[in-house]
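> Below: one structure in structure tokens.
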Amino acid sequence: MKKTAKNIIEISGLTKDYPLGNTTVNALRGIDLNVQEGAFTSIIGPSGSGKTTLLNIIGCIDTATRGSVKVAGHEITGLNDKQITDLRLHTIGFIFQTFNLIPVLDVLENIEFPLLLMKKHSGAEIRQRAEKLADLVGLGEHVKHRPAELSGGQRQRVAIARALVTSPSLVLADEPTANLDSVTGGQILEVMRQMNRLEKTTFIFSTHDANVLKYAIGVTKLKDGVITAN
Amino acid sequence: MLALIRMSLRNLFRQKRRNLLLGSAIAVGVLLLVVANSFSRGISDVMINKVLRWVTGHVTVAYNERSRMASEIFRDKDRINAILDQHKDVILQREEAIGAFVKAIGVGKADNLMLIGLDFSAAGNEKSRKETEEAFRLIGGNWDDLNNSTAENPLIISQEKARYLGVKIGDILRIRLRNIYSQDQSARATVMGIVKSDNIFMQPVAFIDMQKIKDIMGFDAHSTGILNLIIKDPMRNAQPLADALHKQLNASLAVIPAAAQKSDLPITVLGYRSDPDSRDKLSKLLTLRQGAWDTLWKDKTALVSAPLAQRLRLKPGSSLEVRYTDKWGNANTPMLIKVGGIFDPQKVWGENTILANDEKFYEQFYEHWPRAAQPNEQAAIPGTSHTAYALLAPEWILLPRTLTTEDLEKKYQDMGKKKQKATLIDVRTMYEAGKMVLQLEGVLNLITLTAALILLFITLIGVINTLRMTIRERTREIGTIRAIGMQQKDVRNLFLFESFFLALFASIAGVILALLIMWGLSSITLRMDDNPLGMMLVNGHLYFLPTIWSVLGNMLLVLVLVVVTAFFPARRAAKLSPVEALRHTE
Ligand SMILES: Nc1ncnc2c1ncn2[C@@H]1O[C@H](COP(=O)(O)OP(=O)(O)OP(=O)(O)O)[C@@H](O)[C@H]1O
Ligand SMILES: [Mg+2]
């Protein structure tokens, strides 16, 4: 997967328009952005500045209106749904603000889930890898719990483990700490930073919380759909 | 795959109340379908294997000797049996249907009875006897008394008829009937048993020993009555078997290979058809040396070939007696022939040929069936290419196969108009003979199945609605799994599996309930003696016939319907855009 290119993300001239009634909302208006492999970078900006929109497009779950987006060497605008889904599965991990775990699966099964979708590994391999990640995020004791039985911080740890289990080159986290208190949020960012070091995974996370910024290594500032500082 | 199944199963138990409700609806749908289907199979079974079996059998070989409607007899039963023997694999039972409408005179009252001959003595008839005893429950007397030799013509009649005629066991009835020679016959019969009838159709039925009714009717040892065949898998086999028998019953020319009375001079006696049309054609074909056509037709006399007439010194008005060996080896069977004309054989007829009027000819032919012609006698017999072949008397006339009751009636009417003299043979199936019964069966099946299907349809709407609701609730979840990297196809299958398992569990429950309900319903005794619907009961009980395959078929139908119905909402869920789905709030 990992190409020799140093940039895992290369964005140029990206715009995103949303039709809203008779008008259009220009959520992104000409973004040029490169992110290097192994980065642990943050996108910061006020509410409505376009952070989620940008992350969604990088994460290949939304499409650009104009411009070019290259993720791990793939120009994503030309791909069909099946290819894009495969790209997401193999290359990208997601961490959501609202955790988004699958309620009917327990902790271990949630972590295993993306590996099962890959249909590449044996049951034993999957189990082993999932258990290792559960340990790494500090949930070794809770593998048999269902999401409903976990605290918010614990849930987000599960989400981190799930995002990392496939060894993606890129993990996207849209406001991963917004639903957590600041202590727990800090711990979550510590875990993410640790994973970034251990697995050499690129992390991009968004936040509007200046406190969170101290964890970031690079910062991209967004305002009204344009980058104001990098 | 396994993960998908596991997930769908867990999802199924997530909305317990909703799925329990929908599951119950599917279960009720399956239940009704299975019950309705088993009931209509039961009806079919009763109609085909119990009612029609008594009325017509599944395939019938019927005869009208010398084209007479009342003479349902064929005097060469070996010939028929030899053909039937070739179909032993499908024919389970051959039953000679010898029955007669008789007028029974009791104590000051008379009523019609349908007299049916029963042959309990013959080997292999144990099953038939058992079935008879099950269908007609005796409330007085004993089935064995049908063969009681101390009583005169022992009879078993229905309770209703016995009451009406004012007779009880041991009493004598006088019966009048028309025998196979169309003569009125009268006999005394002793009531030896009284049966209870399930429905009004069975009330006029009275039983008598087969041999006794054969004697009364005038059957001899070589004769057979109409044969009702009970066969394997009647729905499938009846038509093909009838067609095959029909083919094999093709008639050839009726020939009496005879000899002159005092010498061994061989004489070929044939019959000519005396219907107006054939007569016309024959008079154009043959040259008369002596005699006149008009008197010949009027007197129903025979045509003798000129060389034979010369040899035996015959002329119009004289008569001669020939002799032949019959089928059962009786040599010197005599036949009297009255000469009406002398014709020129013109090299196309054998020198010693007699063409007898078919009416006279058949009288002799059927009652003293001749042996087959020997090879040395063949030369004198006209072949199928002979100019007059179609004008000569065949062994019998095989009626064309018909498929409906209307056609069956029509062909007999047509035959009546043609004034044929030969015996008619017809091969028919329950579809023609028992059309009314089968129609009733069809209507009942239609009603029950339609009701069940409507219910099923309503259930399917429930499936769609529930699935839509579920999908709406789980939209964010769908967004999540799509974002993580699940393909559209798998998302769709996730919902299909869920519906499939719901339908599977529900239909298993439905089948179990259906079996319990059928068991319960069939153990209730119903009294419907005077109601035609009583025909659908077996010994006063509702009759269900669930077979493994019909039940599995019903389950499969429901599963397929549910999955197909679920397909469309499931596909819509799969096609949701991941961002939209993730943004979904409720
Ligand atoms: N589906 C949509 N339809 C119309 N407008 C949208 C849609 N999604 C986002 N927008 C608009 O695009 C702009 C950028 O939204 P976005 O969600 O990216 O902001 P954000 O920086 O993530 O904000 P927040 O910090 O509140 O999450 C906003 O003005 C928003 O109203
Ligand atoms: Mg946002």
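If you're wondering about the labels, chains in the structure tokens are A, B, ... by order shown, residues count from 1 in each chain, ligands from 1 in order shown.
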Need the shell around Asn147 of chain B: protein/DNA/RNA residues with any atom at most 9 Å away, counting only C-alpha atoms. Skip same-chain ones fewer than 2 positions apart. Format as a list of chain:residue names?
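Selected residues are B:Phe120, B:Ser121, B:Trp143, B:Asp144, B:Asp145, B:Ser149, B:Thr150, B:Ala151, B:Asn153, B:Pro154, B:Ile208, B:Asp209.
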> Write as a list in words the residues around ligand 1, taking 6 Å as the cut-off and counting only C-alpha atoms and all ligand atoms.
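What falls inside 6 Å of ligand 1 is Tyr18, Leu20, Val25, Ala27, Pro46, Ser47, Gly48, Ser49, Gly50, Lys51, Thr52 and Thr53 of chain A.
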> Within 9 Å of chain A, which residues belong to chain B? Use only C-alpha atoms and report them as a PDB file with all heavy atoms, in the first residue's frame.

```pdb
ATOM      1  N   MET B   1     -19.086 -14.019   5.642  1.00  0.00           N
ATOM      2  CA  MET B   1     -20.395 -14.674   5.531  1.00  0.00           C
ATOM      3  C   MET B   1     -20.927 -15.065   6.907  1.00  0.00           C
ATOM      4  O   MET B   1     -22.019 -14.695   7.309  1.00  0.00           O
ATOM      5  CB  MET B   1     -20.229 -15.921   4.666  1.00  0.00           C
ATOM      6  CG  MET B   1     -21.539 -16.590   4.348  1.00  0.00           C
ATOM      7  SD  MET B   1     -22.497 -15.591   3.175  1.00  0.00           S
ATOM      8  CE  MET B   1     -23.613 -16.814   2.576  1.00  0.00           C
ATOM      9  N   ALA B   3     -19.833 -14.049   9.682  1.00  0.00           N
ATOM     10  CA  ALA B   3     -19.949 -12.834  10.485  1.00  0.00           C
ATOM     11  C   ALA B   3     -21.256 -12.127  10.160  1.00  0.00           C
ATOM     12  O   ALA B   3     -21.945 -11.625  11.050  1.00  0.00           O
ATOM     13  CB  ALA B   3     -18.766 -11.917  10.212  1.00  0.00           C
ATOM     14  N   MET B   7     -24.210 -11.470  12.761  1.00  0.00           N
ATOM     15  CA  MET B   7     -24.677 -10.114  12.996  1.00  0.00           C
ATOM     16  C   MET B   7     -26.178 -10.001  12.738  1.00  0.00           C
ATOM     17  O   MET B   7     -26.905  -9.364  13.500  1.00  0.00           O
ATOM     18  CB  MET B   7     -23.926  -9.184  12.062  1.00  0.00           C
ATOM     19  CG  MET B   7     -23.727  -7.813  12.619  1.00  0.00           C
ATOM     20  SD  MET B   7     -22.515  -6.974  11.612  1.00  0.00           S
ATOM     21  CE  MET B   7     -23.326  -5.420  11.391  1.00  0.00           C
ATOM     22  N   ARG B  10     -28.133 -11.537  15.520  1.00  0.00           N
ATOM     23  CA  ARG B  10     -28.177 -10.691  16.723  1.00  0.00           C
ATOM     24  C   ARG B  10     -29.099  -9.495  16.503  1.00  0.00           C
ATOM     25  O   ARG B  10     -29.831  -9.098  17.397  1.00  0.00           O
ATOM     26  CB  ARG B  10     -26.780 -10.213  17.062  1.00  0.00           C
ATOM     27  CG  ARG B  10     -25.928 -11.382  17.508  1.00  0.00           C
ATOM     28  CD  ARG B  10     -24.828 -10.913  18.389  1.00  0.00           C
ATOM     29  NE  ARG B  10     -23.899 -12.001  18.624  1.00  0.00           N
ATOM     30  CZ  ARG B  10     -22.605 -11.818  18.812  1.00  0.00           C
ATOM     31  NH1 ARG B  10     -22.107 -10.600  18.798  1.00  0.00           N
ATOM     32  NH2 ARG B  10     -21.826 -12.843  19.034  1.00  0.00           N
ATOM     33  N   ASN B  11     -29.040  -8.957  15.299  1.00  0.00           N
ATOM     34  CA  ASN B  11     -29.923  -7.830  14.997  1.00  0.00           C
ATOM     35  C   ASN B  11     -31.381  -8.227  15.144  1.00  0.00           C
ATOM     36  O   ASN B  11     -32.214  -7.438  15.558  1.00  0.00           O
ATOM     37  CB  ASN B  11     -29.695  -7.337  13.572  1.00  0.00           C
ATOM     38  CG  ASN B  11     -28.536  -6.353  13.512  1.00  0.00           C
ATOM     39  OD1 ASN B  11     -28.259  -5.662  14.489  1.00  0.00           O
ATOM     40  ND2 ASN B  11     -27.856  -6.312  12.386  1.00  0.00           N
ATOM     41  N   ARG B  14     -32.669  -7.848  18.435  1.00  0.00           N
ATOM     42  CA  ARG B  14     -32.502  -6.521  18.984  1.00  0.00           C
ATOM     43  C   ARG B  14     -33.864  -5.876  19.213  1.00  0.00           C
ATOM     44  O   ARG B  14     -34.145  -5.349  20.262  1.00  0.00           O
ATOM     45  CB  ARG B  14     -31.720  -5.710  17.973  1.00  0.00           C
ATOM     46  CG  ARG B  14     -31.080  -4.507  18.535  1.00  0.00           C
ATOM     47  CD  ARG B  14     -29.871  -4.218  17.677  1.00  0.00           C
ATOM     48  NE  ARG B  14     -29.773  -2.830  17.346  1.00  0.00           N
ATOM     49  CZ  ARG B  14     -29.048  -2.372  16.332  1.00  0.00           C
ATOM     50  NH1 ARG B  14     -28.437  -3.240  15.520  1.00  0.00           N
ATOM     51  NH2 ARG B  14     -28.955  -1.103  16.123  1.00  0.00           N
ATOM     52  N   ARG B 476     -27.638   5.324  10.726  1.00  0.00           N
ATOM     53  CA  ARG B 476     -26.271   5.707  11.108  1.00  0.00           C
ATOM     54  C   ARG B 476     -25.357   4.489  11.170  1.00  0.00           C
ATOM     55  O   ARG B 476     -24.185   4.566  10.809  1.00  0.00           O
ATOM     56  CB  ARG B 476     -26.281   6.423  12.454  1.00  0.00           C
ATOM     57  CG  ARG B 476     -26.382   7.944  12.284  1.00  0.00           C
ATOM     58  CD  ARG B 476     -26.909   8.591  13.529  1.00  0.00           C
ATOM     59  NE  ARG B 476     -25.972   8.465  14.651  1.00  0.00           N
ATOM     60  CZ  ARG B 476     -24.955   9.298  14.834  1.00  0.00           C
ATOM     61  NH1 ARG B 476     -24.711  10.276  13.985  1.00  0.00           N
ATOM     62  NH2 ARG B 476     -24.157   9.154  15.880  1.00  0.00           N
ATOM     63  N   GLU B 477     -25.936   3.388  11.604  1.00  0.00           N
ATOM     64  CA  GLU B 477     -25.147   2.160  11.657  1.00  0.00           C
ATOM     65  C   GLU B 477     -24.738   1.719  10.252  1.00  0.00           C
ATOM     66  O   GLU B 477     -23.612   1.276  10.026  1.00  0.00           O
ATOM     67  CB  GLU B 477     -26.001   1.082  12.317  1.00  0.00           C
ATOM     68  CG  GLU B 477     -25.212   0.005  12.992  1.00  0.00           C
ATOM     69  CD  GLU B 477     -26.159  -0.962  13.686  1.00  0.00           C
ATOM     70  OE1 GLU B 477     -27.053  -0.486  14.414  1.00  0.00           O
ATOM     71  OE2 GLU B 477     -26.011  -2.169  13.460  1.00  0.00           O
ATOM     72  N   THR B 480     -21.954   3.846   9.215  1.00  0.00           N
ATOM     73  CA  THR B 480     -20.711   3.434   9.856  1.00  0.00           C
ATOM     74  C   THR B 480     -20.066   2.237   9.161  1.00  0.00           C
ATOM     75  O   THR B 480     -18.891   2.275   8.800  1.00  0.00           O
ATOM     76  CB  THR B 480     -20.975   3.060  11.338  1.00  0.00           C
ATOM     77  OG1 THR B 480     -21.668   4.134  11.955  1.00  0.00           O
ATOM     78  CG2 THR B 480     -19.682   2.777  12.062  1.00  0.00           C
ATOM     79  N   ILE B 481     -20.882   1.189   8.947  1.00  0.00           N
ATOM     80  CA  ILE B 481     -20.272  -0.016   8.363  1.00  0.00           C
ATOM     81  C   ILE B 481     -19.866   0.220   6.914  1.00  0.00           C
ATOM     82  O   ILE B 481     -18.875  -0.336   6.446  1.00  0.00           O
ATOM     83  CB  ILE B 481     -21.183  -1.273   8.503  1.00  0.00           C
ATOM     84  CG1 ILE B 481     -22.554  -1.035   7.897  1.00  0.00           C
ATOM     85  CG2 ILE B 481     -21.319  -1.674   9.955  1.00  0.00           C
ATOM     86  CD1 ILE B 481     -23.490  -2.229   8.042  1.00  0.00           C
ATOM     87  N   ARG B 482     -20.592   1.092   6.247  1.00  0.00           N
ATOM     88  CA  ARG B 482     -20.177   1.435   4.879  1.00  0.00           C
ATOM     89  C   ARG B 482     -18.860   2.206   4.917  1.00  0.00           C
ATOM     90  O   ARG B 482     -17.963   1.963   4.105  1.00  0.00           O
ATOM     91  CB  ARG B 482     -21.259   2.272   4.190  1.00  0.00           C
ATOM     92  CG  ARG B 482     -22.506   1.500   3.833  1.00  0.00           C
ATOM     93  CD  ARG B 482     -22.342   0.662   2.576  1.00  0.00           C
ATOM     94  NE  ARG B 482     -22.300   1.487   1.365  1.00  0.00           N
ATOM     95  CZ  ARG B 482     -21.347   1.409   0.459  1.00  0.00           C
ATOM     96  NH1 ARG B 482     -20.333   0.574   0.612  1.00  0.00           N
ATOM     97  NH2 ARG B 482     -21.375   2.170  -0.607  1.00  0.00           N
ATOM     98  N   ALA B 483     -18.710   3.151   5.872  1.00  0.00           N
ATOM     99  CA  ALA B 483     -17.484   3.935   5.983  1.00  0.00           C
ATOM    100  C   ALA B 483     -16.301   3.035   6.307  1.00  0.00           C
ATOM    101  O   ALA B 483     -15.237   3.156   5.722  1.00  0.00           O
ATOM    102  CB  ALA B 483     -17.650   5.011   7.050  1.00  0.00           C
ATOM    103  N   ILE B 484     -16.545   2.096   7.196  1.00  0.00           N
ATOM    104  CA  ILE B 484     -15.463   1.181   7.587  1.00  0.00           C
ATOM    105  C   ILE B 484     -15.019   0.339   6.389  1.00  0.00           C
ATOM    106  O   ILE B 484     -13.873  -0.078   6.306  1.00  0.00           O
ATOM    107  CB  ILE B 484     -15.935   0.285   8.758  1.00  0.00           C
ATOM    108  CG1 ILE B 484     -16.021   1.117  10.033  1.00  0.00           C
ATOM    109  CG2 ILE B 484     -14.994  -0.878   8.953  1.00  0.00           C
ATOM    110  CD1 ILE B 484     -16.598   0.361  11.194  1.00  0.00           C
ATOM    111  N   GLY B 485     -15.956   0.100   5.445  1.00  0.00           N
ATOM    112  CA  GLY B 485     -15.528  -0.615   4.243  1.00  0.00           C
ATOM    113  C   GLY B 485     -16.379  -1.815   3.873  1.00  0.00           C
ATOM    114  O   GLY B 485     -15.939  -2.696   3.151  1.00  0.00           O
ATOM    115  N   MET B 486     -17.621  -1.870   4.357  1.00  0.00           N
ATOM    116  CA  MET B 486     -18.486  -2.975   3.937  1.00  0.00           C
ATOM    117  C   MET B 486     -19.091  -2.627   2.580  1.00  0.00           C
ATOM    118  O   MET B 486     -19.551  -1.506   2.367  1.00  0.00           O
ATOM    119  CB  MET B 486     -19.602  -3.203   4.956  1.00  0.00           C
ATOM    120  CG  MET B 486     -20.362  -4.504   4.716  1.00  0.00           C
ATOM    121  SD  MET B 486     -21.756  -4.700   5.835  1.00  0.00           S
ATOM    122  CE  MET B 486     -21.163  -5.986   6.910  1.00  0.00           C
ATOM    123  N   GLN B 487     -19.082  -3.619   1.673  1.00  0.00           N
ATOM    124  CA  GLN B 487     -19.613  -3.382   0.328  1.00  0.00           C
ATOM    125  C   GLN B 487     -21.145  -3.317   0.357  1.00  0.00           C
ATOM    126  O   GLN B 487     -21.779  -3.902   1.236  1.00  0.00           O
ATOM    127  CB  GLN B 487     -19.181  -4.503  -0.627  1.00  0.00           C
ATOM    128  CG  GLN B 487     -17.693  -4.540  -0.914  1.00  0.00           C
ATOM    129  CD  GLN B 487     -17.243  -3.387  -1.805  1.00  0.00           C
ATOM    130  OE1 GLN B 487     -18.052  -2.608  -2.296  1.00  0.00           O
ATOM    131  NE2 GLN B 487     -15.930  -3.259  -1.989  1.00  0.00           N
ATOM    132  N   GLN B 488     -21.695  -2.644  -0.634  1.00  0.00           N
ATOM    133  CA  GLN B 488     -23.162  -2.524  -0.736  1.00  0.00           C
ATOM    134  C   GLN B 488     -23.853  -3.886  -0.671  1.00  0.00           C
ATOM    135  O   GLN B 488     -24.840  -4.070   0.021  1.00  0.00           O
ATOM    136  CB  GLN B 488     -23.536  -1.856  -2.058  1.00  0.00           C
ATOM    137  CG  GLN B 488     -23.208  -0.377  -2.095  1.00  0.00           C
ATOM    138  CD  GLN B 488     -23.745   0.298  -3.335  1.00  0.00           C
ATOM    139  OE1 GLN B 488     -24.375  -0.339  -4.168  1.00  0.00           O
ATOM    140  NE2 GLN B 488     -23.503   1.588  -3.458  1.00  0.00           N
ATOM    141  N   SER B 577     -26.024   6.696   0.647  1.00  0.00           N
ATOM    142  CA  SER B 577     -24.669   7.250   0.617  1.00  0.00           C
ATOM    143  C   SER B 577     -24.124   7.263   2.041  1.00  0.00           C
ATOM    144  O   SER B 577     -24.830   7.632   2.979  1.00  0.00           O
ATOM    145  CB  SER B 577     -24.716   8.649   0.011  1.00  0.00           C
ATOM    146  OG  SER B 577     -24.104   9.568   0.888  1.00  0.00           O
ATOM    147  N   PRO B 578     -22.882   6.842   2.226  1.00  0.00           N
ATOM    148  CA  PRO B 578     -22.316   6.750   3.584  1.00  0.00           C
ATOM    149  C   PRO B 578     -22.384   8.068   4.346  1.00  0.00           C
ATOM    150  O   PRO B 578     -22.766   8.072   5.527  1.00  0.00           O
ATOM    151  CB  PRO B 578     -20.871   6.341   3.338  1.00  0.00           C
ATOM    152  CG  PRO B 578     -20.845   5.717   1.981  1.00  0.00           C
ATOM    153  CD  PRO B 578     -21.937   6.352   1.204  1.00  0.00           C
ATOM    154  N   VAL B 579     -22.033   9.209   3.702  1.00  0.00           N
ATOM    155  CA  VAL B 579     -22.087  10.489   4.446  1.00  0.00           C
ATOM    156  C   VAL B 579     -23.483  10.803   4.894  1.00  0.00           C
ATOM    157  O   VAL B 579     -23.694  11.197   6.046  1.00  0.00           O
ATOM    158  CB  VAL B 579     -21.684  11.713   3.576  1.00  0.00           C
ATOM    159  CG1 VAL B 579     -20.641  12.543   4.275  1.00  0.00           C
ATOM    160  CG2 VAL B 579     -21.382  11.364   2.169  1.00  0.00           C
ATOM    161  N   GLU B 580     -24.436  10.661   3.949  1.00  0.00           N
ATOM    162  CA  GLU B 580     -25.832  10.972   4.293  1.00  0.00           C
ATOM    163  C   GLU B 580     -26.272  10.098   5.460  1.00  0.00           C
ATOM    164  O   GLU B 580     -26.904  10.584   6.401  1.00  0.00           O
ATOM    165  CB  GLU B 580     -26.759  10.686   3.094  1.00  0.00           C
ATOM    166  CG  GLU B 580     -26.426  11.425   1.810  1.00  0.00           C
ATOM    167  CD  GLU B 580     -26.786  12.902   1.884  1.00  0.00           C
ATOM    168  OE1 GLU B 580     -27.606  13.257   2.755  1.00  0.00           O
ATOM    169  OE2 GLU B 580     -26.237  13.683   1.084  1.00  0.00           O
TER     170      GLU B 580
END
```
> Any chance you could list, as a PyMOL selection string, the residues in segment 186-331 of chain B that come up strand (DSSP E) when DSSP is run on the backbone?
chain B and resi 186-196+205-209+226-231+255-260+266-272+288-290+302-305+319-324
> Could you give me, as a PDB file with N, CA and C atoms, in the first residue's frame, the residues within 7 Å of Lys16 of chain A, counting only C-alpha atoms and dropping anything in the same chain fewer than 4 positions from it?

```
ATOM      1  N   ASN A  26     -20.997  27.121  -0.112  1.00  0.00           N
ATOM      2  CA  ASN A  26     -19.643  26.772  -0.521  1.00  0.00           C
ATOM      3  C   ASN A  26     -18.879  26.350   0.718  1.00  0.00           C
ATOM      4  N   ALA A  27     -18.955  25.067   1.037  1.00  0.00           N
ATOM      5  CA  ALA A  27     -18.359  24.562   2.279  1.00  0.00           C
ATOM      6  C   ALA A  27     -16.848  24.593   2.201  1.00  0.00           C
ATOM      7  N   LEU A  28     -16.305  24.273   1.052  1.00  0.00           N
ATOM      8  CA  LEU A  28     -14.856  24.369   0.855  1.00  0.00           C
ATOM      9  C   LEU A  28     -14.627  25.185  -0.413  1.00  0.00           C
ATOM     10  N   ARG A  29     -13.704  26.126  -0.345  1.00  0.00           N
ATOM     11  CA  ARG A  29     -13.514  26.971  -1.521  1.00  0.00           C
ATOM     12  C   ARG A  29     -12.054  27.033  -1.923  1.00  0.00           C
ATOM     13  N   ALA A  64     -15.762  15.323  -3.985  1.00  0.00           N
ATOM     14  CA  ALA A  64     -15.434  16.727  -4.208  1.00  0.00           C
ATOM     15  C   ALA A  64     -16.304  17.292  -5.324  1.00  0.00           C
ATOM     16  N   THR A  65     -16.575  18.615  -5.277  1.00  0.00           N
ATOM     17  CA  THR A  65     -17.270  19.250  -6.392  1.00  0.00           C
ATOM     18  C   THR A  65     -16.271  19.530  -7.518  1.00  0.00           C
ATOM     19  N   ARG A  66     -15.125  20.053  -7.130  1.00  0.00           N
ATOM     20  CA  ARG A  66     -14.036  20.284  -8.093  1.00  0.00           C
ATOM     21  C   ARG A  66     -12.719  20.018  -7.407  1.00  0.00           C
TER      22      ARG A  66
END
```
> Could you state the separation of atom CA of Arg129 of chain A and atom CA of Gly185 of chain A in Å, given to one decimal place?
25.1 Å
> Counting only C-alpha atoms, which of B:Pro546, B:Pro266, B:Pro334, B:Gly225 gets nearest to Arg311 of chain B?
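Checking each of B:Pro546, B:Pro266, B:Pro334, B:Gly225 against Arg311 of chain B, counting only C-alpha atoms, the winner is B:Pro266.
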> Skip Pro382 of chain B itself and residues of its chain fewer than 4 positions away, then list as an NGL selection string all residues within 10 Å of it, counting only C-alpha atoms.
:B and (253 or 255 or 270 or 348-350 or 378 or 386-389 or 392)
> Just checking: using only C-alpha atoms and all ligand atoms, which residue out of B:Ser40, B:Ala244, B:Leu582, B:Thr525 ends up closest to ligand 2?
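Once distances to ligand 2 are computed over only C-alpha atoms and all ligand atoms, the minimum belongs to B:Leu582.
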> Name the residues in contact with Leu286 of chain B at a cut-off of 12 Å, using only C-alpha atoms, excluding same-chain residues fewer than 2 positions from it; report them as a VMD selection string.
chain B and resid 272 279 to 284 288 to 290 292 to 293 303 to 306 341 to 349 355 387 to 388 391
> Which one is closest to ligand 2: A:Thr228, A:Gln187, A:Ser206, A:Thr177? Count only C-alpha atoms and all ligand atoms.
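Smallest distance to ligand 2 is found for A:Ser206.
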> Could you write out, as number ranges by chain, all the residues of segment 142-312 of chain B that DSSP marks as helix (DSSP H, G or I)?
B: 143-147, 159-165, 200-202, 210-217, 234-248, 276-285, 293-299, 306-312
> Residues near segment 256-264 of chain B, anyone? I mean within 12 Å using only C-alpha atoms, not counting same-chain ones fewer than 3 positions away, as a ChimeraX atom specification.
/B:253,267-271,308-309,311-312,319-327,331-337,352-356,361-362,364-366,368-381,393-395
> Which residues, written as a PyMOL selection string, have at least one atom at most 10 Å from segment 232-240 of chain B, with only C-alpha atoms counted and residues fewer than 3 positions away on the same chain left out?
chain B and resi 44+48-49+57-60+89-93+229+243-246+401+403+427-431
> When you draw a straight line from atom CA of Gln420 of chain B to atom CA of Met217 of chain B, how long is it in Å?
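Taking atom CA of Gln420 of chain B as the start and atom CA of Met217 of chain B as the end point, the length is 23.4 Å.
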> Interatomic distance between atom CA of Leu526 of chain B and atom CA of Lys127 of chain B?
26.2 Å
> Could you tell me which of A:Leu213, A:Leu180, A:Gln128, A:Gly45 comes closest to ligand 2 if we count only C-alpha atoms and all ligand atoms?
A:Gly45
